[in-house]
Structures are given as structure tokens and as C-alpha cells.
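Here's run-v6.csv, which has CSV, C-alpha atoms:
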chain,number,residue,atom,x,y,z
A,1,LEU,CA,-108.4,-20.7,-61.7
A,2,TYR,CA,-105.8,-18.8,-59.7
A,3,PHE,CA,-103.0,-20.4,-61.7
A,4,VAL,CA,-104.6,-19.1,-64.9
A,5,MET,CA,-105.1,-15.7,-63.4
A,6,HIS,CA,-101.5,-15.4,-62.3
A,7,PHE,CA,-100.3,-16.8,-65.7
A,8,LEU,CA,-102.3,-14.1,-67.6
A,9,CYS,CA,-101.2,-11.3,-65.2
A,10,ALA,CA,-97.6,-12.4,-65.6
A,11,THR,CA,-97.9,-12.3,-69.3
A,12,GLN,CA,-99.3,-8.8,-69.1
A,13,ASP,CA,-96.4,-7.8,-66.8
A,14,VAL,CA,-93.9,-9.0,-69.4
A,15,ALA,CA,-95.6,-7.0,-72.1
A,16,VAL,CA,-95.8,-3.8,-70.0
A,17,ASP,CA,-92.1,-4.1,-69.1
A,18,GLY,CA,-91.1,-4.3,-72.7
A,19,TRP,CA,-93.6,-1.5,-73.6
A,20,ALA,CA,-92.2,0.8,-71.0
A,21,LEU,CA,-88.6,0.3,-72.2
A,22,THR,CA,-89.9,1.0,-75.8
A,23,LEU,CA,-91.8,4.2,-74.9
A,24,LEU,CA,-89.1,5.8,-72.7
A,25,SER,CA,-86.2,7.4,-74.4
A,26,ALA,CA,-82.6,6.5,-73.5
A,27,LYS,CA,-82.2,9.5,-71.2
A,28,ASN,CA,-85.4,8.9,-69.4
A,29,VAL,CA,-85.3,5.1,-69.0
A,30,GLY,CA,-84.0,5.5,-65.4
A,31,TYR,CA,-87.4,6.9,-64.5
A,32,ALA,CA,-89.2,3.7,-65.2
A,33,GLY,CA,-88.8,2.7,-61.6
A,34,THR,CA,-90.6,5.9,-60.5
A,35,ILE,CA,-93.5,5.2,-62.8
A,36,ASN,CA,-93.6,1.6,-61.7
A,37,ALA,CA,-93.7,2.5,-58.0
A,38,VAL,CA,-96.4,5.2,-58.3
A,39,GLY,CA,-98.6,3.0,-60.4
A,40,GLN,CA,-98.2,0.0,-58.1
A,41,THR,CA,-98.9,2.1,-55.0
A,42,ILE,CA,-102.1,3.5,-56.5
A,43,GLY,CA,-103.2,0.0,-57.5
A,44,TYR,CA,-102.5,-1.5,-54.1
A,45,PHE,CA,-104.4,1.3,-52.4
A,46,ALA,CA,-107.4,0.9,-54.6
A,47,ALA,CA,-107.4,-2.9,-54.2
A,48,PHE,CA,-106.9,-3.0,-50.5
A,49,THR,CA,-108.1,0.2,-48.8
A,50,GLY,CA,-110.6,0.9,-51.5
A,51,PHE,CA,-112.2,-2.5,-51.3
A,52,LEU,CA,-112.3,-2.5,-47.5
A,53,ALA,CA,-114.0,1.0,-47.5
A,54,LEU,CA,-116.6,-0.2,-50.0
A,55,GLU,CA,-117.2,-3.4,-48.1
A,56,GLN,CA,-117.5,-1.5,-44.8
A,57,ALA,CA,-120.1,0.8,-46.4
A,58,LYS,CA,-121.9,-2.3,-47.7
A,59,LEU,CA,-121.6,-1.0,-51.3
A,60,MET,CA,-119.7,-3.9,-52.7
A,61,SER,CA,-118.9,-7.5,-51.9
A,62,LEU,CA,-115.7,-9.4,-52.8
A,63,GLY,CA,-117.3,-11.0,-55.8
A,64,SER,CA,-118.6,-7.8,-57.3
A,65,PHE,CA,-115.3,-6.1,-56.6
A,66,MET,CA,-113.4,-8.9,-58.5
A,67,LEU,CA,-115.9,-8.5,-61.3
A,68,LEU,CA,-115.2,-4.8,-61.5
A,69,CYS,CA,-111.5,-5.4,-61.5
A,70,GLY,CA,-111.9,-7.9,-64.3
A,71,ALA,CA,-113.9,-5.4,-66.4
A,72,LEU,CA,-111.2,-2.7,-65.8
A,73,PHE,CA,-108.5,-5.2,-67.0
A,74,LEU,CA,-110.4,-5.8,-70.2
A,75,VAL,CA,-111.1,-2.1,-70.8
A,76,SER,CA,-107.4,-1.1,-70.2
A,77,ALA,CA,-106.2,-4.0,-72.4
A,78,ALA,CA,-108.5,-3.0,-75.2
A,79,TRP,CA,-107.4,0.7,-74.9
A,80,VAL,CA,-103.7,-0.3,-75.2
A,81,ALA,CA,-104.5,-2.4,-78.2
A,82,VAL,CA,-106.2,0.4,-80.2
A,83,SER,CA,-104.6,3.6,-78.9
A,84,PRO,CA,-102.1,5.4,-81.1
A,85,GLU,CA,-99.7,5.8,-78.1
A,86,SER,CA,-99.3,2.0,-77.9
A,87,ARG,CA,-97.7,2.0,-81.3
A,88,GLN,CA,-95.2,4.7,-80.6
A,89,VAL,CA,-91.5,3.9,-80.1
A,90,ALA,CA,-88.7,5.8,-78.4
A,91,ASP,CA,-85.9,7.4,-80.4
A,92,LYS,CA,-83.6,4.5,-79.6
A,93,GLU,CA,-85.4,2.0,-81.8
A,94,ASP,CA,-86.1,1.9,-85.5
A,95,PRO,CA,-89.9,1.7,-86.0
A,96,GLU,CA,-89.4,-0.4,-89.2
A,97,ALA,CA,-87.2,-2.9,-87.3
A,98,ALA,CA,-89.8,-3.1,-84.6
A,99,ARG,CA,-92.6,-3.8,-87.1
A,100,LYS,CA,-90.5,-6.5,-88.8
A,101,ARG,CA,-89.7,-8.2,-85.5
A,102,ALA,CA,-93.4,-8.2,-84.5
A,103,ALA,CA,-94.4,-9.6,-87.9
A,104,ALA,CA,-91.8,-12.4,-87.6
A,105,ALA,CA,-93.1,-13.3,-84.1
A,106,ALA,CA,-96.7,-13.4,-85.4
A,107,ALA,CA,-95.7,-15.6,-88.3
A,108,ALA,CA,-93.8,-18.1,-86.2
A,109,PRO,CA,-94.9,-17.8,-82.5
A,110,LEU,CA,-93.2,-21.0,-81.3
A,111,ALA,CA,-89.9,-20.0,-82.8
A,112,ALA,CA,-90.2,-16.5,-81.2
A,113,LEU,CA,-91.0,-18.1,-77.9
A,114,ALA,CA,-88.0,-20.4,-78.1
A,115,SER,CA,-85.8,-17.5,-79.1
A,116,SER,CA,-87.0,-15.5,-76.0
A,117,TYR,CA,-86.1,-18.4,-73.7
A,118,LYS,CA,-82.7,-18.7,-75.4
A,119,GLU,CA,-82.1,-15.0,-74.8
A,120,MET,CA,-83.1,-15.4,-71.2
A,121,LEU,CA,-80.6,-18.2,-70.7
A,122,SER,CA,-77.9,-16.1,-72.3
A,123,ILE,CA,-78.7,-13.2,-69.9
A,124,ALA,CA,-78.7,-15.5,-66.9
A,125,ARG,CA,-75.2,-16.7,-67.9
A,126,LEU,CA,-73.7,-13.2,-67.8
A,127,PRO,CA,-71.3,-12.9,-64.8
A,128,PRO,CA,-72.8,-9.5,-63.7
A,129,VAL,CA,-76.3,-11.0,-63.7
A,130,ARG,CA,-75.1,-13.9,-61.5
A,131,THR,CA,-73.7,-11.4,-59.1
A,132,LEU,CA,-76.9,-9.5,-59.1
A,133,ALA,CA,-78.8,-12.7,-58.4
A,134,LEU,CA,-76.7,-13.3,-55.3
A,135,PHE,CA,-77.4,-9.7,-54.2
A,136,LEU,CA,-81.2,-10.2,-54.7
A,137,ILE,CA,-81.1,-13.4,-52.6
A,138,LEU,CA,-79.4,-11.7,-49.7
A,139,ASN,CA,-80.6,-8.1,-49.6
A,140,ARG,CA,-84.0,-8.5,-47.9
A,141,ILE,CA,-83.0,-10.9,-45.1
A,142,GLY,CA,-82.9,-8.1,-42.5
A,143,PHE,CA,-86.4,-6.8,-43.3
A,144,ALA,CA,-88.2,-10.1,-44.0
A,145,ALA,CA,-89.9,-10.5,-40.6
A,146,THR,CA,-91.0,-6.9,-40.5
A,147,ASP,CA,-92.4,-7.0,-44.0
A,148,SER,CA,-94.4,-10.3,-43.5
A,149,LEU,CA,-95.3,-10.5,-39.8
A,150,THR,CA,-96.0,-7.0,-38.5
A,151,ALA,CA,-99.5,-6.6,-39.9
A,152,LEU,CA,-100.4,-10.2,-39.0
A,153,GLU,CA,-99.2,-9.7,-35.4
A,154,MET,CA,-101.2,-6.5,-35.1
A,155,MET,CA,-104.4,-8.4,-36.2
A,156,LYS,CA,-103.5,-11.3,-33.9
A,157,ARG,CA,-103.5,-8.8,-31.0
A,158,GLY,CA,-106.9,-7.5,-32.0
A,159,VAL,CA,-106.3,-4.6,-34.3
A,160,SER,CA,-109.0,-4.7,-36.9
A,161,LYS,CA,-108.5,-4.8,-40.7
A,162,THR,CA,-110.4,-1.5,-40.9
A,163,THR,CA,-107.9,0.2,-38.6
A,164,LEU,CA,-105.0,-1.2,-40.6
A,165,ALA,CA,-106.6,0.0,-43.8
A,166,THR,CA,-107.0,3.5,-42.3
A,167,ILE,CA,-103.3,3.6,-41.3
A,168,SER,CA,-102.4,2.4,-44.8
A,169,ALA,CA,-104.6,5.1,-46.3
A,170,CYS,CA,-102.8,7.7,-44.2
A,171,ILE,CA,-99.3,6.6,-45.4
A,172,THR,CA,-100.2,6.0,-49.0
A,173,PRO,CA,-99.4,9.6,-50.1
A,174,ILE,CA,-95.9,9.0,-48.9
A,175,SER,CA,-95.5,6.0,-51.2
A,176,ILE,CA,-96.9,8.1,-54.1
A,177,VAL,CA,-94.8,11.2,-53.5
A,178,MET,CA,-91.5,9.5,-52.6
A,179,PRO,CA,-90.8,8.0,-56.0
A,180,VAL,CA,-91.3,11.4,-57.6
A,181,VAL,CA,-89.0,13.1,-55.1
A,182,VAL,CA,-86.2,10.5,-55.2
A,183,GLY,CA,-86.6,9.7,-58.9
A,184,PRO,CA,-83.8,12.1,-60.2
A,185,TRP,CA,-81.5,10.8,-57.5
A,186,THR,CA,-82.2,7.1,-58.1
A,187,ALA,CA,-82.0,7.6,-61.9
A,188,ARG,CA,-78.5,9.1,-61.4
A,189,SER,CA,-77.1,7.0,-58.6
A,190,PRO,CA,-79.3,4.0,-57.9
A,191,TRP,CA,-76.9,2.0,-55.8
A,192,ARG,CA,-75.9,4.9,-53.6
A,193,ALA,CA,-79.5,5.6,-52.9
A,194,TRP,CA,-80.1,1.9,-52.1
A,195,ARG,CA,-77.2,1.8,-49.7
A,196,TRP,CA,-78.2,5.0,-48.0
A,197,ALA,CA,-81.7,3.6,-47.2
A,198,TYR,CA,-80.4,0.2,-45.8
A,199,ILE,CA,-79.3,1.1,-42.3
A,200,PRO,CA,-82.3,3.4,-41.5
A,201,ARG,CA,-84.7,0.7,-42.8
A,202,MET,CA,-83.0,-1.8,-40.4
A,203,ILE,CA,-83.5,0.6,-37.5
A,204,MET,CA,-87.2,1.0,-38.5
A,205,SER,CA,-87.5,-2.8,-38.5
A,206,LEU,CA,-86.2,-2.9,-35.0
A,207,ALA,CA,-88.5,-0.1,-33.9
A,208,ALA,CA,-91.5,-2.1,-35.2
A,209,VAL,CA,-90.6,-4.8,-32.6
A,210,PHE,CA,-90.9,-2.3,-29.8
A,211,LEU,CA,-94.2,-0.9,-31.1
A,212,ILE,CA,-95.6,-4.4,-31.2
A,213,TYR,CA,-94.3,-5.1,-27.7
A,214,ALA,CA,-96.3,-2.0,-26.5
A,215,LEU,CA,-99.5,-3.5,-28.1
A,216,PRO,CA,-101.4,-5.7,-25.6
A,217,ALA,CA,-103.0,-9.0,-26.6
A,218,ARG,CA,-106.7,-9.3,-27.4
A,219,ASP,CA,-109.1,-9.0,-24.4
A,220,ALA,CA,-111.3,-11.8,-23.2
A,221,ASP,CA,-114.1,-10.8,-25.6
A,222,ASP,CA,-111.7,-10.8,-28.6
A,223,HIS,CA,-112.1,-7.1,-29.2
A,224,GLU,CA,-109.6,-4.5,-30.4
A,225,PRO,CA,-107.6,-3.0,-27.5
A,226,THR,CA,-109.6,0.1,-26.4
A,227,HIS,CA,-107.1,1.8,-24.1
A,228,LEU,CA,-104.5,2.5,-26.8
A,229,THR,CA,-104.0,6.2,-27.1
A,230,LEU,CA,-104.0,8.4,-30.1
A,231,THR,CA,-100.2,8.9,-29.5
A,232,TYR,CA,-99.7,5.1,-30.1
A,233,TYR,CA,-101.5,5.2,-33.4
A,234,VAL,CA,-99.6,8.3,-34.5
A,235,ALA,CA,-96.4,6.5,-33.6
A,236,VAL,CA,-97.5,3.5,-35.7
A,237,MET,CA,-98.3,5.8,-38.7
A,238,ILE,CA,-94.9,7.6,-38.4
A,239,LEU,CA,-93.0,4.3,-38.1
A,240,LEU,CA,-94.8,2.7,-41.0
A,241,GLY,CA,-94.6,5.9,-43.0
A,242,LEU,CA,-90.8,6.0,-42.6
A,243,PHE,CA,-90.5,2.3,-43.3
A,244,SER,CA,-92.6,2.7,-46.4
A,245,ALA,CA,-90.5,5.7,-47.6
A,246,LEU,CA,-87.2,3.9,-47.1
A,247,SER,CA,-88.6,0.7,-48.8
A,248,THR,CA,-89.8,2.9,-51.7
A,249,VAL,CA,-86.3,4.4,-52.1
A,250,GLN,CA,-84.8,1.0,-52.4
A,251,PHE,CA,-87.5,-0.3,-54.8
A,252,VAL,CA,-87.3,2.7,-57.1
A,253,ALA,CA,-83.4,2.6,-57.1
A,254,GLN,CA,-83.5,-1.1,-58.0
A,255,MET,CA,-86.1,-0.7,-60.7
A,256,SER,CA,-84.2,2.3,-62.1
A,257,PHE,CA,-81.0,0.1,-62.4
A,258,PHE,CA,-83.0,-2.7,-64.0
A,259,SER,CA,-84.4,-0.4,-66.6
A,260,THR,CA,-81.0,1.0,-67.4
A,261,VAL,CA,-79.2,-2.3,-67.9
A,262,SER,CA,-82.2,-3.8,-69.8
A,263,SER,CA,-82.8,-0.9,-72.2
A,264,ASP,CA,-81.8,-2.9,-75.3
A,265,ALA,CA,-84.6,-2.4,-77.8
A,266,GLU,CA,-84.6,-6.1,-79.0
A,267,ILE,CA,-84.5,-8.0,-75.7
A,268,GLY,CA,-85.3,-5.3,-73.2
A,269,GLY,CA,-88.7,-6.9,-72.2
A,270,THR,CA,-87.1,-10.3,-71.7
A,271,TYR,CA,-84.2,-8.8,-69.8
A,272,MET,CA,-86.5,-6.8,-67.5
A,273,THR,CA,-88.7,-9.8,-66.9
A,274,MET,CA,-85.6,-11.9,-66.0
A,275,LEU,CA,-84.4,-9.3,-63.4
A,276,ASN,CA,-87.9,-8.8,-61.9
A,277,THR,CA,-88.3,-12.6,-61.6
A,278,MET,CA,-85.0,-12.9,-59.7
A,279,SER,CA,-86.1,-9.9,-57.5
A,280,ASN,CA,-89.5,-11.5,-56.7
A,281,LEU,CA,-87.8,-14.8,-55.9
A,282,GLY,CA,-85.4,-13.0,-53.5
A,283,SER,CA,-88.4,-11.3,-51.8
A,284,LYS,CA,-90.6,-14.3,-51.6
A,285,TRP,CA,-88.2,-16.8,-50.2
A,286,THR,CA,-87.3,-14.5,-47.3
A,287,THR,CA,-90.9,-13.6,-46.4
A,288,SER,CA,-92.0,-17.2,-46.8
A,289,ALA,CA,-89.2,-18.4,-44.5
A,290,ALA,CA,-90.1,-15.8,-41.9
A,291,LEU,CA,-93.8,-16.9,-42.0
A,292,TYR,CA,-92.8,-20.5,-41.7
A,293,LEU,CA,-90.4,-20.0,-38.8
A,294,ALA,CA,-93.0,-17.9,-36.9
A,295,GLY,CA,-95.4,-20.8,-37.0
A,296,SER,CA,-92.9,-23.6,-36.5
A,297,ASP,CA,-92.7,-25.7,-33.4
A,298,VAL,CA,-88.9,-25.4,-33.3
A,299,VAL,CA,-89.1,-21.6,-33.0
A,300,ARG,CA,-91.8,-21.9,-30.4
A,301,ARG,CA,-89.6,-24.1,-28.3
A,302,LEU,CA,-86.7,-21.7,-28.7
A,303,ALA,CA,-88.9,-18.7,-27.7
A,304,VAL,CA,-88.1,-19.0,-24.0
A,305,PRO,CA,-90.8,-21.6,-22.9
A,306,GLN,CA,-90.0,-20.9,-19.2
A,307,PRO,CA,-89.5,-17.1,-19.0
A,308,PRO,CA,-87.5,-15.5,-16.3
A,309,SER,CA,-89.2,-13.6,-13.4
A,310,TRP,CA,-89.1,-10.3,-15.2
A,311,MET,CA,-90.9,-11.6,-18.2
A,312,SER,CA,-94.7,-12.0,-17.6
A,313,ALA,CA,-95.3,-14.5,-20.5
A,314,PRO,CA,-93.3,-16.7,-22.9
A,315,LEU,CA,-91.5,-14.7,-25.7
A,316,ASP,CA,-93.7,-14.7,-28.8
A,317,PRO,CA,-92.1,-16.3,-32.0
A,318,PHE,CA,-92.7,-12.9,-33.6
A,319,TYR,CA,-89.9,-11.4,-31.6
A,320,THR,CA,-87.6,-14.4,-32.0
A,321,VAL,CA,-87.9,-14.3,-35.9
A,322,ASN,CA,-87.6,-10.5,-36.0
A,323,TRP,CA,-84.4,-10.5,-33.8
A,324,ALA,CA,-83.0,-13.3,-35.9
A,325,CYS,CA,-83.6,-11.4,-39.2
A,326,PHE,CA,-82.2,-8.2,-37.7
A,327,VAL,CA,-79.0,-10.0,-36.6
A,328,LEU,CA,-78.6,-11.7,-40.0
A,329,GLY,CA,-79.2,-8.4,-41.7
A,330,ILE,CA,-76.4,-6.7,-39.7
A,331,VAL,CA,-74.0,-9.6,-40.2
A,332,ALA,CA,-74.7,-9.8,-43.9
A,333,MET,CA,-74.5,-6.0,-44.4
A,334,PRO,CA,-70.8,-5.9,-45.3
A,335,ALA,CA,-71.2,-8.6,-47.9
A,336,ILE,CA,-74.4,-7.0,-49.3
A,337,PHE,CA,-72.7,-3.6,-49.6
A,338,SER,CA,-69.6,-5.1,-51.2
A,339,ILE,CA,-71.8,-6.9,-53.8
A,340,ALA,CA,-73.7,-3.7,-54.5
A,341,ARG,CA,-70.5,-1.8,-55.1
A,342,ARG,CA,-69.3,-4.5,-57.4
A,343,ILE,CA,-72.5,-4.3,-59.4
A,344,GLU,CA,-72.2,-0.5,-59.5
A,345,SER,CA,-68.7,-0.5,-60.8
A,346,THR,CA,-69.4,-3.1,-63.6
A,347,PRO,CA,-69.2,-1.4,-67.0
A,348,MET,CA,-72.5,-1.1,-68.8
A,349,PRO,CA,-71.4,-3.1,-71.9
A,350,MET,CA,-70.8,-6.1,-69.6
A,351,TRP,CA,-74.5,-6.2,-68.9
A,352,GLN,CA,-75.4,-6.7,-72.6
A,353,VAL,CA,-75.2,-10.2,-74.1
A,354,LYS,CA,-73.1,-9.0,-77.1
A,355,GLY,CA,-70.9,-6.8,-75.0
A,356,ALA,CA,-70.1,-9.6,-72.6
A,357,SER,CA,-69.3,-12.0,-75.4
A,358,ASP,CA,-66.9,-9.5,-77.0
A,359,LYS,CA,-65.2,-8.9,-73.8
A,360,GLU,CA,-64.5,-12.5,-73.2
Entire entry expressed as C-alpha cells:
Amino acid sequence: LYFVMHFLCATQDVAVDGWALTLLSAKNVGYAGTINAVGQTIGYFAAFTGFLALEQAKLMSLGSFMLLCGALFLVSAAWVAVSPESRQVADKEDPEAARKRAAAAAAAPLAALASSYKEMLSIARLPPVRTLALFLILNRIGFAATDSLTALEMMKRGVSKTTLATISACITPISIVMPVVVGPWTARSPWRAWRWAYIPRMIMSLAAVFLIYALPARDADDHEPTHLTLTYYVAVMILLGLFSALSTVQFVAQMSFFSTVSSDAEIGGTYMTMLNTMSNLGSKWTTSAALYLAGSDVVRRLAVPQPPSWMSAPLDPFYTVNWACFVLGIVAMPAIFSIARRIESTPMPMWQVKGASDKE
């Protein structure tokens, strides 16, 4: 069931990527990242904080909430299918050519599918795309533990999901406003914006370790710590707000660049999907590795099993993995920045299949 759900969602994602590139004009295509970030933030907020609030008020169960989301999916899909806006195209594409291409795909769907995979393979063979793939594999190493383990560690120490949802609700406006604020900057200089946010985000990752260190473990009755002051929760919100803002800057910058290089009217959707897939793989392998290491016996044995006299308890794997990611992020930073500058300096025709072929 979950495989089918993810398959259908991924199919919609591909369609929306191509649709966005079709709707936005060439001069505005860099703002696709801003639109993506704002929409995703609102969706995450509704699905996480919204559901927890409804469940806490006993207004809706998980099953009824999933049913509501399914109904919203169907309604939105039906609206896209029948609305006049869905058939509009930007000034960079010939409407007649778009209709002919859609008719050909409908007449021979298997041939169209094979053609899409052939195009994707051609894109993956481009030297700049291979360089970008290396960048996407490395760029999140320094933040992996903070991204995947901080909320879990807070819940492990007794902070309730409701408290985390409240904190998330407080910082959500930042994630909505930031893409709008930095949109013109990231559309103009995406890689400069991405590099600018890297070191501050590393510092925020390190600060998260100290905030968790100040958070005591659960009490004997498994309750949320009651002696935490308002100052502590304000510090948590400020830290997570800054981390969210910096993460948003990098995400919008990356999506803005993706939209720019994949703005070709014919294979834009395929190109955008290829880049997003590489980005997701780069994100998932780092967070999955951090989660695995935090629970592995090897890391637990390395985490100071016999602490010195100044340490009251063995060092938690959370700290070990976070420090390891931080050190790796600092060590890899020169290589990451060098690859980013190489990507930035690559001429735009080299990102296109025809342009690269002509150059060779």
C-alpha cells in the first residue's frame, strides 16, 4: 500500500515539476524554488502540527485525517485537470508544439516512456550533471546528525510531541517568509547564497549539541522535564528558527538553480525530476547513515563506555555522531565549495543535452 502511495505521489511530483517549468516564463523560472519552499512548508505544517492539534483536541484520528488528505488530493487533481490555467504555457514554449507532443505521448505511451528514460540517461551522462551529483552526495554530511537526530533525542529525553509541534508552529512563519525574502537573491546568485549559509548552518548544528546537553533525561515517572525554564524553550526556538532559515536559504538556492538549468520546454520535467532525485538520494543517505550509527553497537562502544571522573555518565551516541558529522563537514568544506564554484562557472549551454554534444 505504501509503495503504491509513494509511486503515485512521485508521479504527481514529476508532473508538477514539468508544469511549473511550463507556467513560469524564462525570466521568472528562478523563482520556482521559492514557490516550492513556501508550498512544502505550508503542507508540512498542516500535516504535522495541524494533525497533532486536531488529535489533541480529539477532533480527528489518524485514519480520518488520512481520509481527508486523500480527498484533498483528488479534489486538487481534478481541479488541475479541468482548470483553464493548467493548459496555459509560458512564452518560451510554442502551444502548438506542446499539444502535438502531448498527443504523440497519448498515442504511444510506451514509446514516450522509453524516450523519457533515454533523455534521463543522456542528462546523467553530462559532465556538469556528474559534478553536481558529487556535490549533492557530499553537501549535507555536516548537518546530517542535526537534521535526523535532534528531535528524536529531545523526545527520548521526555519532550512531548505536542511541545515539539508547538515549537514547530512558532518557527513555521520563518520557513514561509524566508523563501520570499531571499528569492530575488537566490534567483540571481544561487551558489553564492548557498555558500553564504553553509558555515552559519554548521555553527547552528554545533549549538544544537549544547542545547541537547542542557536537557536532562526523563525522570523516573517518564514525564517531560518540568524544571526547564522559559528561557530554555526560547533558546530552542531561536536556534531551530535560525537553523530553519539557513536550511531554507540553501534549499531555495538549490531549487532555483535546478529550475534554471532544466528550463528546456521539451525535457524540463524529466531534467528537474532527475536533479531532485539526486538531491533526495544525497539527503537520505546521510540522514539514514546518521540514524544507523546512532543506534549501532560500534558507536556505543566508542562513546566513552568508562567516562572520566568529570563526566557523570557515558557519552550518548547522539553526541558522538554529531561531532563526527561536524568534523566531516568542516574537513569536506573546501572540496564542497570548490565543486560549487565549478558548477557556478559552467556555461549554461553545457547543461543542455544538445549544447554539451555540440561542445564535444
Excluding Gly282 (chain A) and any residue of its chain fewer than 5 positions from it, enumerate the residues within 8 Å of it, using only C-alpha atoms, and give them as a PDB file with C-alpha atoms, in the frame of the given file.
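Result written to selection_26.pdb:
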ATOM      1  CA  LEU A 136     -81.200 -10.200 -54.700  1.00  0.00           C
ATOM      2  CA  ILE A 137     -81.100 -13.400 -52.600  1.00  0.00           C
ATOM      3  CA  LEU A 138     -79.400 -11.700 -49.700  1.00  0.00           C
ATOM      4  CA  ASN A 139     -80.600  -8.100 -49.600  1.00  0.00           C
ATOM      5  CA  ARG A 140     -84.000  -8.500 -47.900  1.00  0.00           C
TER       6      ARG A 140
END
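The nearest approach to Ala332 (chain A) among the residues A:Tyr2, A:Phe65, A:Tyr31, A:Tyr198, with all atoms listed in the file taken into account, belongs to A:Tyr198.
CA of Gln40 (chain A) sits 23.0 Å away from CA of Trp196 (chain A).
Comparing A:Tyr117, A:Gln352, A:Phe318, A:Ser262 by their smallest distance to Phe210 (chain A), the closest is A:Phe318 (using all atoms listed in the file).
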Could you tell me which of A:Ser247, A:Thr277, A:Thr34, A:Ser259 comes closest to Trp19 (chain A) if we count only C-alpha atoms?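 Of A:Ser247, A:Thr277, A:Thr34, A:Ser259, the one nearest Trp19 (chain A), counting only C-alpha atoms, is A:Ser259.
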Point-to-point distance in Å for CA of Pro179 (chain A) and CA of Val249 (chain A):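 If I compute the distance from CA of Val249 (chain A) to CA of Pro179 (chain A), I get 7.0 Å.
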How far is it from CA of Thr166 (chain A) to CA of Ile203 (chain A), in Å with one decimal? 24.2 Å
Smallest atom-to-atom distance to Leu293 (chain A): which of A:Leu149, A:Pro349, A:Ser116, A:Asn276, using all atoms listed in the file?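 Of A:Leu149, A:Pro349, A:Ser116, A:Asn276, the one nearest Leu293 (chain A) is A:Leu149, counting all atoms listed in the file.
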Just the residues within 12 Å of Cys69 (chain A), please, counting only C-alpha atoms, with nothing from its chain fewer than 6 positions along; format it as a PyMOL selection string. chain A and resi 43+46-47+50-51+62-63+75-76
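Of the listed residues (A:Gly295, A:Leu23, A:Arg188, A:Glu153), A:Glu153 comes nearest to Leu211 (chain A); the distances count all atoms listed in the file.
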Can you tell me which residues surround Cys325 (chain A) at a distance of at most 12 Å, considering only C-alpha atoms, apart from same-chain residues fewer than 5 positions away, and format the answer as an MDAnalysis selection string? chainID A and resid 138:149 202 205:206 209 286:287 289:291 293:294 318:320 330:333
Identify which of the residues A:Cys9, A:Met120, A:Met348, A:Leu1 lies closest to Met278 (chain A), counting only C-alpha atoms when measuring atom-to-atom distances.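 Among the listed residues, the smallest separation from Met278 (chain A) belongs to A:Met120.
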Centre and edge lengths of an axis-aligned box around all listed atoms of region 265-284 of chain A, with 5 Å added on each side, are to be given in Å to one decimal, as lines of an AutoDock Vina configuration file.
center_x = -87.4
center_y = -8.6
center_z = -65.3
size_x = 16.4
size_y = 22.4
size_z = 37.4
Residues within 12 Å of Arg130 (chain A), please, as a list in words. Count only C-alpha atoms; anything in the same chain fewer than 6 positions from it doesn't count.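 That gives Leu121, Ser122, Ile123, Ala124, Leu136, Ile137, Met274, Leu275, Met278, Ile339, Arg342, Ile343 and Trp351 of chain A.
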Residues within 8 Å of (-105.4, -4.3, -34.2), file coords, all atoms listed in the file, listed as a list in words: Met154, Met155, Lys156, Arg157, Gly158, Val159, Ser160, Lys161, Thr163, Leu164, Glu224 and Pro225 of chain A
Find the residues around Ile238 (chain A) up to 12 Å (all atoms listed in the file counted), leave out those fewer than 4 positions away in its own chain, and share them as a list in words. Ile167, Ser168, Cys170, Ile171, Thr172, Ile174, Met204, Ala207, Ala208, Leu211, Thr231, Tyr232, Tyr233, Val234, Leu242, Phe243, Ser244 and Ala245 of chain A
